[in-house]
$ cat target.cif   # mmCIF, C-alpha atoms
data_protein
loop_
_atom_site.label_atom_id
_atom_site.label_comp_id
_atom_site.auth_asym_id
_atom_site.auth_seq_id
_atom_site.Cartn_x
_atom_site.Cartn_y
_atom_site.Cartn_z
CA MET F 111 -59.29 16.61 -62.27
CA THR F 112 -55.64 17.16 -61.51
CA THR F 113 -53.61 14.05 -60.86
CA HIS F 114 -50.48 14.11 -58.78
CA ALA F 115 -47.50 11.97 -59.66
CA PRO F 116 -46.35 9.70 -56.84
CA ALA F 117 -43.41 10.97 -54.84
CA PRO F 118 -40.14 9.58 -56.15
CA THR F 119 -38.73 6.69 -54.18
CA PRO F 120 -35.37 7.56 -52.62
CA ALA F 121 -32.49 5.86 -54.37
CA PRO F 122 -30.86 3.03 -52.41
CA SER F 123 -27.56 4.89 -52.56
CA SER F 124 -29.05 7.95 -50.83
CA SER F 125 -30.49 5.74 -48.06
CA LEU F 126 -27.08 4.18 -47.53
CA LEU F 127 -25.48 7.60 -47.37
CA ARG F 128 -28.01 8.76 -44.77
CA SER F 129 -27.41 5.63 -42.69
CA ALA F 130 -23.65 6.08 -42.95
CA GLY F 131 -24.03 9.73 -41.95
CA ARG F 132 -25.92 8.73 -38.79
CA ILE F 133 -23.37 6.07 -37.87
CA LEU F 134 -20.20 8.04 -38.64
CA PRO F 135 -20.01 10.39 -35.57
CA GLY F 136 -20.29 7.60 -32.99
CA LEU F 137 -18.06 5.26 -34.98
CA ALA F 138 -15.43 8.00 -35.29
CA LEU F 139 -15.61 8.60 -31.53
CA CYS F 140 -15.03 4.89 -30.83
CA ALA F 141 -12.16 4.84 -33.34
CA ALA F 142 -10.60 7.90 -31.67
CA ILE F 143 -10.81 6.24 -28.23
CA SER F 144 -9.21 3.12 -29.73
CA ALA F 145 -6.39 5.18 -31.23
CA LEU F 146 -5.78 6.78 -27.83
CA ALA F 147 -5.74 3.30 -26.27
CA PHE F 148 -3.09 2.18 -28.79
CA VAL F 149 -0.99 5.26 -28.02
CA LEU F 150 -1.20 4.66 -24.27
CA GLU F 151 -0.28 1.00 -24.74
CA HIS F 152 2.85 1.98 -26.65
CA LEU F 153 3.73 4.61 -24.03
CA GLU F 154 3.40 1.94 -21.34
CA ALA F 155 5.72 -0.37 -23.22
CA PHE F 156 8.22 2.43 -23.81
CA ALA F 157 8.22 3.57 -20.17
CA THR F 158 8.12 0.21 -18.35
CA GLY F 159 9.29 -2.35 -20.89
CA ARG F 160 5.87 -3.98 -21.29
CA ALA F 161 2.21 -3.03 -21.68
CA TRP F 162 0.59 -3.86 -18.37
CA LEU F 163 -2.80 -2.69 -19.65
CA GLU F 164 -3.37 -3.60 -23.30
CA ALA F 165 -5.32 -1.47 -25.78
CA LEU F 166 -8.37 -3.72 -25.37
CA VAL F 167 -8.59 -2.97 -21.65
CA LEU F 168 -7.62 0.67 -22.03
CA ALA F 169 -10.39 1.25 -24.60
CA ILE F 170 -12.97 -0.07 -22.11
CA LEU F 171 -11.59 2.07 -19.28
CA ILE F 172 -11.42 5.23 -21.38
CA GLY F 173 -14.94 4.68 -22.71
CA THR F 174 -16.31 4.03 -19.22
CA ALA F 175 -14.57 7.14 -17.85
CA ILE F 176 -16.08 9.28 -20.60
CA ARG F 177 -19.55 7.78 -20.04
CA SER F 178 -19.31 8.56 -16.32
CA VAL F 179 -19.07 12.30 -16.98
CA TRP F 180 -20.92 12.62 -20.29
CA THR F 181 -24.05 10.96 -21.68
CA PRO F 182 -23.87 10.69 -25.49
CA SER F 183 -26.68 12.49 -27.27
CA GLU F 184 -28.74 11.12 -30.17
CA ARG F 185 -26.08 12.31 -32.60
CA TRP F 186 -23.56 9.81 -31.22
CA ARG F 187 -25.75 6.84 -30.27
CA PRO F 188 -26.27 5.15 -33.69
CA GLY F 189 -22.52 4.91 -34.27
CA ILE F 190 -21.81 3.73 -30.73
CA THR F 191 -24.53 1.07 -31.03
CA PHE F 192 -23.18 0.03 -34.44
CA SER F 193 -19.67 -0.28 -33.01
CA ALA F 194 -20.81 -2.24 -29.96
CA LYS F 195 -22.89 -4.67 -32.02
CA MET F 196 -22.08 -4.97 -35.72
CA VAL F 197 -18.36 -4.15 -35.51
CA LEU F 198 -18.00 -6.61 -32.65
CA GLU F 199 -19.91 -9.32 -34.49
CA ILE F 200 -17.70 -8.89 -37.57
CA ALA F 201 -14.64 -9.19 -35.32
CA VAL F 202 -15.99 -12.45 -33.90
CA VAL F 203 -16.56 -13.81 -37.42
CA LEU F 204 -12.97 -12.99 -38.37
CA LEU F 205 -11.79 -14.65 -35.18
CA GLY F 206 -13.16 -17.91 -36.58
CA ALA F 207 -10.20 -17.97 -38.99
CA SER F 208 -7.89 -18.56 -36.02
CA LEU F 209 -9.82 -21.56 -34.74
CA ASN F 210 -9.13 -25.02 -36.11
CA MET F 211 -12.15 -27.32 -35.80
CA ALA F 212 -9.77 -30.12 -34.89
CA MET F 213 -9.62 -28.47 -31.46
CA ILE F 214 -13.25 -29.41 -30.88
CA VAL F 215 -12.51 -33.05 -31.60
CA ALA F 216 -9.37 -32.88 -29.46
CA ALA F 217 -11.35 -31.41 -26.55
CA GLY F 218 -12.97 -34.77 -26.03
CA PRO F 219 -16.37 -35.75 -24.61
CA ALA F 220 -15.23 -35.26 -21.00
CA LEU F 221 -14.73 -31.51 -21.44
CA LEU F 222 -17.97 -31.12 -23.41
CA ALA F 223 -19.92 -32.99 -20.73
CA GLY F 224 -18.13 -30.97 -18.05
CA ILE F 225 -19.19 -27.69 -19.65
CA ALA F 226 -22.83 -28.81 -19.67
CA ALA F 227 -22.53 -29.89 -16.03
CA VAL F 228 -21.03 -26.53 -15.00
CA VAL F 229 -23.85 -24.63 -16.70
CA ALA F 230 -26.50 -26.82 -15.05
CA MET F 231 -24.94 -26.47 -11.61
CA ALA F 232 -24.47 -22.71 -12.01
CA LEU F 233 -28.12 -22.30 -13.04
CA VAL F 234 -29.37 -24.16 -9.97
CA PHE F 235 -27.05 -22.46 -7.48
CA SER F 236 -27.61 -18.99 -8.95
CA PHE F 237 -31.38 -19.41 -8.81
CA LEU F 238 -31.25 -20.64 -5.20
CA ILE F 239 -28.99 -17.72 -4.22
CA GLY F 240 -31.40 -15.25 -5.79
CA ARG F 241 -34.40 -16.77 -4.04
CA ALA F 242 -32.54 -16.91 -0.70
CA LEU F 243 -31.84 -13.19 -1.04
CA GLY F 244 -35.52 -12.48 -1.63
CA LEU F 245 -35.57 -11.97 -5.39
CA PRO F 246 -38.81 -12.84 -7.22
CA LYS F 247 -38.77 -16.05 -9.27
CA ARG F 248 -38.48 -14.32 -12.64
CA MET F 249 -35.62 -12.04 -11.52
CA ALA F 250 -33.80 -15.00 -9.99
CA VAL F 251 -34.18 -16.91 -13.27
CA LEU F 252 -32.90 -13.96 -15.31
CA VAL F 253 -29.85 -13.54 -13.07
CA ALA F 254 -29.16 -17.28 -13.17
CA CYS F 255 -29.41 -17.51 -16.97
CA GLY F 256 -27.42 -14.34 -17.54
CA ASN F 257 -24.58 -15.46 -15.27
CA SER F 258 -24.56 -19.12 -16.26
CA ILE F 259 -24.94 -18.96 -20.04
CA CYS F 260 -24.34 -15.80 -22.04
CA GLY F 261 -25.31 -12.57 -20.32
CA ASN F 262 -27.60 -10.23 -22.27
CA SER F 263 -28.41 -12.79 -24.97
CA ALA F 264 -29.67 -15.30 -22.41
CA ILE F 265 -31.66 -12.63 -20.56
CA ALA F 266 -33.26 -11.40 -23.78
CA ALA F 267 -34.17 -14.95 -24.87
CA VAL F 268 -35.50 -16.07 -21.50
CA ALA F 269 -37.43 -12.91 -20.50
CA PRO F 270 -40.46 -13.34 -22.79
CA VAL F 271 -40.61 -17.06 -22.07
CA ILE F 272 -41.01 -16.55 -18.30
CA GLY F 273 -43.06 -13.33 -18.53
CA ALA F 274 -40.43 -10.98 -17.08
CA ASP F 275 -41.36 -7.31 -17.19
CA GLY F 276 -39.26 -4.41 -18.48
CA LYS F 277 -37.96 -3.41 -15.06
CA ASP F 278 -36.57 -6.87 -14.35
CA VAL F 279 -34.97 -7.11 -17.78
CA ALA F 280 -33.45 -3.62 -17.57
CA SER F 281 -31.96 -4.28 -14.12
CA SER F 282 -30.54 -7.64 -15.17
CA ILE F 283 -29.01 -6.34 -18.40
CA ALA F 284 -27.59 -3.25 -16.67
CA PHE F 285 -25.83 -5.47 -14.17
CA THR F 286 -24.59 -7.77 -16.90
CA ALA F 287 -23.05 -4.80 -18.70
CA VAL F 288 -21.25 -3.48 -15.63
CA LEU F 289 -20.18 -6.82 -14.16
CA GLY F 290 -19.21 -8.12 -17.60
CA VAL F 291 -16.68 -5.32 -17.97
CA LEU F 292 -15.35 -5.94 -14.47
CA VAL F 293 -14.90 -9.65 -15.24
CA VAL F 294 -13.04 -8.85 -18.48
CA LEU F 295 -10.71 -6.53 -16.59
CA GLY F 296 -10.22 -8.66 -13.48
CA LEU F 297 -10.14 -12.24 -14.70
CA PRO F 298 -6.57 -12.10 -16.16
CA LEU F 299 -5.34 -11.26 -12.65
CA LEU F 300 -6.14 -14.86 -11.65
CA VAL F 301 -3.46 -16.23 -14.01
CA PRO F 302 -0.48 -15.44 -11.73
CA LEU F 303 -2.57 -15.66 -8.56
CA LEU F 304 -3.71 -19.24 -9.22
CA ARG F 305 -0.75 -20.17 -11.45
CA LEU F 306 -3.02 -21.05 -14.35
CA SER F 307 -1.62 -22.29 -17.65
CA GLU F 308 -2.74 -20.72 -20.92
CA THR F 309 -5.11 -23.62 -21.55
CA GLN F 310 -6.51 -23.60 -18.02
CA TYR F 311 -7.15 -19.87 -18.21
CA GLY F 312 -8.86 -20.25 -21.59
CA VAL F 313 -11.24 -22.84 -20.14
CA LEU F 314 -11.91 -20.63 -17.10
CA ALA F 315 -12.66 -17.59 -19.29
CA GLY F 316 -14.91 -19.60 -21.56
CA LEU F 317 -16.90 -20.86 -18.57
CA THR F 318 -17.25 -17.55 -16.71
CA VAL F 319 -17.21 -14.59 -19.12
CA TYR F 320 -20.68 -13.55 -20.29
CA ALA F 321 -20.44 -12.97 -24.05
CA VAL F 322 -18.39 -14.50 -26.87
CA PRO F 323 -16.76 -11.17 -27.78
CA GLN F 324 -15.92 -10.53 -24.12
CA VAL F 325 -14.07 -13.86 -24.03
CA LEU F 326 -11.83 -12.44 -26.74
CA ALA F 327 -11.25 -9.30 -24.67
CA ALA F 328 -10.48 -11.31 -21.51
CA THR F 329 -8.13 -13.81 -23.16
CA ALA F 330 -6.29 -11.76 -25.80
CA PRO F 331 -3.99 -10.10 -23.21
CA VAL F 332 -2.90 -13.56 -21.98
CA ALA F 333 -2.17 -15.78 -24.99
CA ALA F 334 -3.43 -16.89 -28.40
CA ALA F 335 -3.99 -20.39 -27.02
CA SER F 336 -6.24 -18.93 -24.32
CA VAL F 337 -8.26 -17.12 -27.00
CA GLN F 338 -8.80 -20.30 -28.99
CA ILE F 339 -9.77 -22.64 -26.15
CA GLY F 340 -11.78 -19.91 -24.42
CA THR F 341 -13.81 -19.26 -27.55
CA LEU F 342 -14.41 -22.97 -28.06
CA VAL F 343 -15.63 -23.47 -24.48
CA LYS F 344 -17.81 -20.39 -24.67
CA LEU F 345 -19.45 -21.56 -27.91
CA VAL F 346 -20.37 -24.88 -26.29
CA ARG F 347 -21.74 -22.94 -23.32
CA VAL F 348 -23.85 -20.72 -25.60
CA LEU F 349 -25.39 -23.81 -27.20
CA MET F 350 -26.85 -24.66 -23.77
CA LEU F 351 -29.25 -21.73 -24.18
CA GLY F 352 -31.48 -23.75 -26.51
CA PRO F 353 -32.26 -26.59 -24.07
CA VAL F 354 -32.62 -24.12 -21.18
CA VAL F 355 -35.17 -21.96 -23.04
CA LEU F 356 -37.06 -25.10 -24.08
CA ILE F 357 -37.27 -26.30 -20.46
CA LEU F 358 -38.33 -22.85 -19.24
CA SER F 359 -41.00 -22.63 -21.92
CA ILE F 360 -42.46 -25.87 -20.55
CA LEU F 361 -42.33 -24.53 -16.98
CA GLY F 362 -43.23 -20.99 -18.03
CA HIS F 363 -46.78 -20.99 -16.70
CA ARG F 364 -45.47 -21.49 -13.16
CA LEU F 365 -42.86 -18.76 -13.48
CA ARG F 366 -45.43 -16.32 -14.89
CA GLU F 367 -47.66 -16.69 -11.85
CA ASP F 368 -45.75 -13.93 -10.05
CA THR F 369 -45.43 -11.62 -13.07
CA ASP F 370 -47.14 -8.26 -13.27
CA ALA F 371 -50.05 -7.23 -15.46
CA VAL F 372 -47.84 -6.70 -18.49
CA GLY F 373 -48.44 -9.81 -20.58
CA VAL F 374 -46.17 -11.51 -23.04
CA ARG F 375 -47.46 -11.93 -26.57
CA PRO F 376 -46.94 -15.35 -28.16
CA ALA F 377 -45.22 -13.72 -31.14
CA SER F 378 -42.48 -12.27 -28.94
CA ARG F 379 -42.01 -15.64 -27.27
CA ARG F 380 -41.55 -17.32 -30.64
CA LEU F 381 -39.10 -14.62 -31.62
CA ALA F 382 -36.92 -15.35 -28.60
CA VAL F 383 -36.81 -19.07 -29.32
CA ASN F 384 -36.17 -18.66 -33.04
CA LYS F 385 -33.16 -16.40 -32.55
CA LEU F 386 -31.14 -18.52 -30.16
CA VAL F 387 -28.15 -18.77 -32.51
CA PRO F 388 -27.02 -15.34 -33.80
CA TRP F 389 -25.80 -15.02 -37.38
CA PHE F 390 -22.25 -14.20 -36.33
CA ILE F 391 -21.91 -17.46 -34.39
CA ILE F 392 -22.89 -19.40 -37.52
CA ALA F 393 -20.47 -17.30 -39.59
CA PHE F 394 -17.75 -17.84 -36.97
CA LEU F 395 -18.18 -21.61 -37.28
CA GLY F 396 -18.15 -21.26 -41.06
CA MET F 397 -14.82 -19.41 -40.94
CA ALA F 398 -13.43 -22.07 -38.61
CA ALA F 399 -14.54 -24.78 -41.05
CA LEU F 400 -12.85 -22.95 -43.94
CA ARG F 401 -9.64 -22.70 -41.90
CA SER F 402 -9.80 -26.37 -40.94
CA HIS F 403 -10.10 -27.42 -44.59
CA GLY F 404 -7.22 -25.21 -45.69
CA LEU F 405 -9.44 -22.87 -47.73
CA ILE F 406 -8.01 -19.74 -46.09
CA PRO F 407 -4.44 -19.03 -47.28
CA GLU F 408 -1.82 -19.01 -44.53
CA THR F 409 -0.65 -15.57 -45.70
CA ALA F 410 -4.12 -14.17 -44.98
CA LEU F 411 -4.34 -15.41 -41.38
CA ALA F 412 -2.15 -12.70 -39.80
CA PRO F 413 -3.95 -9.75 -41.52
CA ILE F 414 -7.32 -11.26 -40.62
CA ALA F 415 -6.25 -11.64 -36.97
CA LYS F 416 -4.96 -8.06 -36.88
CA THR F 417 -8.19 -6.73 -38.37
CA ALA F 418 -10.21 -8.70 -35.81
CA THR F 419 -8.11 -7.19 -33.01
CA VAL F 420 -8.58 -3.61 -34.25
CA LEU F 421 -12.34 -4.07 -34.68
CA THR F 422 -12.59 -5.63 -31.23
CA ILE F 423 -10.82 -2.67 -29.63
CA ILE F 424 -13.19 -0.25 -31.40
CA SER F 425 -16.14 -2.24 -30.10
CA MET F 426 -14.65 -2.33 -26.59
CA ALA F 427 -14.54 1.48 -26.67
CA ALA F 428 -18.25 1.40 -27.55
CA LEU F 429 -18.87 -1.07 -24.74
CA GLY F 430 -17.23 1.31 -22.29
CA LEU F 431 -19.33 4.22 -23.61
CA GLY F 432 -22.42 2.16 -22.88
CA VAL F 433 -21.54 1.38 -19.27
CA ASP F 434 -22.88 3.72 -16.62
CA ILE F 435 -21.43 2.54 -13.31
CA ARG F 436 -24.19 4.46 -11.49
CA VAL F 437 -26.68 1.73 -12.44
CA VAL F 438 -25.10 -0.47 -9.77
CA ALA F 439 -26.33 1.87 -7.04
CA ARG F 440 -29.81 2.03 -8.57
CA ALA F 441 -30.23 -1.72 -8.99
CA GLY F 442 -30.36 -2.47 -5.28
CA GLY F 443 -28.33 -4.45 -2.80
CA ARG F 444 -30.12 -7.77 -3.24
CA VAL F 445 -29.55 -7.88 -6.99
CA THR F 446 -25.93 -6.83 -6.47
CA ALA F 447 -25.38 -9.62 -3.96
CA ALA F 448 -27.18 -12.22 -6.08
CA VAL F 449 -25.21 -11.46 -9.24
CA THR F 450 -21.88 -11.26 -7.42
CA LEU F 451 -22.36 -14.45 -5.40
CA SER F 452 -23.58 -16.30 -8.49
CA LEU F 453 -20.45 -15.28 -10.37
CA ILE F 454 -18.24 -16.42 -7.48
CA VAL F 455 -20.00 -19.81 -7.46
CA LEU F 456 -19.61 -20.12 -11.23
CA THR F 457 -15.89 -19.35 -10.97
CA ALA F 458 -15.42 -21.88 -8.16
CA VAL F 459 -17.30 -24.61 -10.04
CA SER F 460 -15.30 -23.86 -13.20
CA LEU F 461 -12.00 -24.13 -11.35
CA GLY F 462 -13.22 -27.40 -9.86
CA LEU F 463 -13.91 -28.77 -13.35
CA ILE F 464 -10.42 -27.77 -14.51
CA ARG F 465 -8.85 -29.61 -11.58
CA LEU F 466 -11.18 -32.61 -11.93
CA LEU F 467 -10.38 -33.11 -15.62
CA GLY F 468 -6.67 -32.58 -15.01
CA ILE F 469 -6.43 -29.87 -17.68
CA ALA F 470 -2.80 -28.80 -17.90
#

$ encode --input "target.cif" --output "structure tokens"
Amino acid sequence: MTTHAPAPTPAPSSSLLRSAGRILPGLALCAAISALAFVLEHLEAFATGRAWLEALVLAILIGTAIRSVWTPSERWRPGITFSAKMVLEIAVVLLGASLNMAMIVAAGPALLAGIAAVVAMALVFSFLIGRALGLPKRMAVLVACGNSICGNSAIAAVAPVIGADGKDVASSIAFTAVLGVLVVLGLPLLVPLLRLSETQYGVLAGLTVYAVPQVLAATAPVAAASVQIGTLVKLVRVLMLGPVVLILSILGHRLREDTDAVGVRPASRRLAVNKLVPWFIIAFLGMAALRSHGLIPETALAPIAKTATVLTIISMAALGLGVDIRVVARAGGRVTAAVTLSLIVLTAVSLGLIRLLGIA
């Protein structure tokens, strides 16, 4: 009897090369858009004396413009996804080197309690707005959690807990992507309009922008102080996701009464709860702790910050390539109104907290 030798196992190096080959086209495209954004920023500064639109914003706009006329094929998607996720997460980790943990202590219990209060109020008002506009319970909950806590991450964590179906999740995430970009682009305009200080704007961005990386994009054009306080506030806001998911898991049987026939497996529910704190948030805090204890040399801080900026711009290009503004028309008027009104309420409540605490 003839025996056949087992097929040789591919070498780890060849697997890495194949993975790199799949990622490279999309990553190169995002890098090219970023390079164009840098060029346009310098042309702005040369022509007008200052860069009115920074490379971060330009990368989003260029990516969105390209996505509006061209849908990337499978050849480009792995690299775009890698840039939008892993590159962005690495940038956030590096950003931790610019944050001194003493800022958390200096923030004081009043601000920390205020952040929790803003999230709680935004959740309630957003849910009531959604229900008043006729949204089903689960969709209203998804919109409320996405707006009030951390966008896609909150939606993804909450969806299996409340029994939301794919259509609800897709509509909510699509809106988060589009509106998140609009918030990043438009929020800095409030600085001169409302005469906000760098600290006040950082708190506002941390309370209203959806994702941690987007806080960086919204605050970097304003000031380094805005980046630091905005990131701090946003991290505290993200930590609210744990208690919210726990409460919803207790109330989940009521929210699942109006779900469709597509059930939610217990395994997927456990997965959502167990992944509330992403690895890059833990690594970010680790970098901040290293900085606070003087374990990162001062000479390394500037190169680390520059690297984080470049990686963020590359990821913003990927974010733009993933935004199809046509999803707004497909999502429906009620969802549009619910998300928009919820964001307006969140902004108003956040500004109220800033005034109440007397943040200068």

$ resolve_selection --input "target.cif" --expression "the PyMOL selection byres ((chain F and resi 142-147) around 12)" --output "number ranges by chain"
F: 134-141, 148-154, 161, 163-176, 190, 193, 419-431

$ closest_residue --input "target.cif" --among "F:Ala447, F:Leu358, F:Ala207, F:Ala130" --to "F:Pro407" --atoms "all atoms listed in the file"
F:Ala207

$ residues_around --input "target.cif" --residues "F:Gly340" --least-positions-apart "6" --cutoff "6 Å" --atoms "only C-alpha atoms" --output "ChimeraX atom specification"
/F:312-313,315-316

$ write_last_selection --input "target.cif" --atoms "C-alpha atoms" --output "JSON list (two decimals), in the coordinates of the input"
[["chain", "number", "residue", "atom", "x", "y", "z"],
["F", 312, "GLY", "CA", -8.86, -20.25, -21.59],
["F", 313, "VAL", "CA", -11.24, -22.84, -20.14],
["F", 315, "ALA", "CA", -12.66, -17.59, -19.29],
["F", 316, "GLY", "CA", -14.91, -19.60, -21.56]]

$ atom_distance --input "target.cif" --atom1 "atom CA of F:Glu308" --atom2 "atom CA of F:Ile339"
9.0 Å

$ atom_distance --input "target.cif" --atom1 "atom CA of F:Val202" --atom2 "atom CA of F:Gly296"
21.6 Å

$ atom_distance --input "target.cif" --atom1 "atom CA of F:Trp389" --atom2 "atom CA of F:Ile133"
21.2 Å

$ residues_around --input "target.cif" --residues "F:Ile414" --least-positions-apart "3" --cutoff "10 Å" --atoms "only C-alpha atoms" --output "list of chain:residue names"
F:Ala201, F:Leu204, F:Leu205, F:Gly206, F:Ala207, F:Ser208, F:Thr409, F:Ala410, F:Leu411, F:Thr417, F:Ala418, F:Thr419

$ closest_residue --input "target.cif" --among "F:Met196, F:Ala333, F:Ala223, F:Val271" --to "F:Leu361" --atoms "all atoms listed in the file"
F:Val271

$ axis_aligned_box --input "target.cif" --around "stretch 299-318 of chain F" --padding-each-side "3 Å" --output "lines of an AutoDock Vina configuration file"
center_x = -8.9
center_y = -17.4
center_z = -15.1
size_x = 22.8
size_y = 18.4
size_z = 19.0

$ resolve_selection --input "target.cif" --expression "the PyMOL selection byres ((chain F and resi 264) around 10)" --output "PyMOL selection string"
chain F and resi 252-263+265-269+283+320-321+348+350-352+354-355+382+386

$ write_last_selection --input "target.cif" --atoms "C-alpha atoms" --output "PDB file, in the frame of the given file"
ATOM      1  CA  LEU F 252     -32.900 -13.960 -15.310  1.00  0.00           C
ATOM      2  CA  VAL F 253     -29.850 -13.540 -13.070  1.00  0.00           C
ATOM      3  CA  ALA F 254     -29.160 -17.280 -13.170  1.00  0.00           C
ATOM      4  CA  CYS F 255     -29.410 -17.510 -16.970  1.00  0.00           C
ATOM      5  CA  GLY F 256     -27.420 -14.340 -17.540  1.00  0.00           C
ATOM      6  CA  ASN F 257     -24.580 -15.460 -15.270  1.00  0.00           C
ATOM      7  CA  SER F 258     -24.560 -19.120 -16.260  1.00  0.00           C
ATOM      8  CA  ILE F 259     -24.940 -18.960 -20.040  1.00  0.00           C
ATOM      9  CA  CYS F 260     -24.340 -15.800 -22.040  1.00  0.00           C
ATOM     10  CA  GLY F 261     -25.310 -12.570 -20.320  1.00  0.00           C
ATOM     11  CA  ASN F 262     -27.600 -10.230 -22.270  1.00  0.00           C
ATOM     12  CA  SER F 263     -28.410 -12.790 -24.970  1.00  0.00           C
ATOM     13  CA  ILE F 265     -31.660 -12.630 -20.560  1.00  0.00           C
ATOM     14  CA  ALA F 266     -33.260 -11.400 -23.780  1.00  0.00           C
ATOM     15  CA  ALA F 267     -34.170 -14.950 -24.870  1.00  0.00           C
ATOM     16  CA  VAL F 268     -35.500 -16.070 -21.500  1.00  0.00           C
ATOM     17  CA  ALA F 269     -37.430 -12.910 -20.500  1.00  0.00           C
ATOM     18  CA  ILE F 283     -29.010  -6.340 -18.400  1.00  0.00           C
ATOM     19  CA  TYR F 320     -20.680 -13.550 -20.290  1.00  0.00           C
ATOM     20  CA  ALA F 321     -20.440 -12.970 -24.050  1.00  0.00           C
ATOM     21  CA  VAL F 348     -23.850 -20.720 -25.600  1.00  0.00           C
ATOM     22  CA  MET F 350     -26.850 -24.660 -23.770  1.00  0.00           C
ATOM     23  CA  LEU F 351     -29.250 -21.730 -24.180  1.00  0.00           C
ATOM     24  CA  GLY F 352     -31.480 -23.750 -26.510  1.00  0.00           C
ATOM     25  CA  VAL F 354     -32.620 -24.120 -21.180  1.00  0.00           C
ATOM     26  CA  VAL F 355     -35.170 -21.960 -23.040  1.00  0.00           C
ATOM     27  CA  ALA F 382     -36.920 -15.350 -28.600  1.00  0.00           C
ATOM     28  CA  LEU F 386     -31.140 -18.520 -30.160  1.00  0.00           C
TER      29      LEU F 386
END

$ closest_residue --input "target.cif" --among "F:Ile392, F:Ala227, F:Leu326, F:Val433" --to "F:Thr181" --atoms "all atoms listed in the file"
F:Val433

$ residues_around --input "target.cif" --residues "F:Pro298" --least-positions-apart "4" --cutoff "9 Å" --atoms "only C-alpha atoms" --output "PDB file with C-alpha atoms, in the coordinates of the input"
ATOM      1  CA  VAL F 293     -14.900  -9.650 -15.240  1.00  0.00           C
ATOM      2  CA  VAL F 294     -13.040  -8.850 -18.480  1.00  0.00           C
ATOM      3  CA  PRO F 302      -0.480 -15.440 -11.730  1.00  0.00           C
ATOM      4  CA  TYR F 311      -7.150 -19.870 -18.210  1.00  0.00           C
ATOM      5  CA  ALA F 315     -12.660 -17.590 -19.290  1.00  0.00           C
ATOM      6  CA  ALA F 328     -10.480 -11.310 -21.510  1.00  0.00           C
ATOM      7  CA  THR F 329      -8.130 -13.810 -23.160  1.00  0.00           C
ATOM      8  CA  PRO F 331      -3.990 -10.100 -23.210  1.00  0.00           C
ATOM      9  CA  VAL F 332      -2.900 -13.560 -21.980  1.00  0.00           C
TER      10      VAL F 332
END
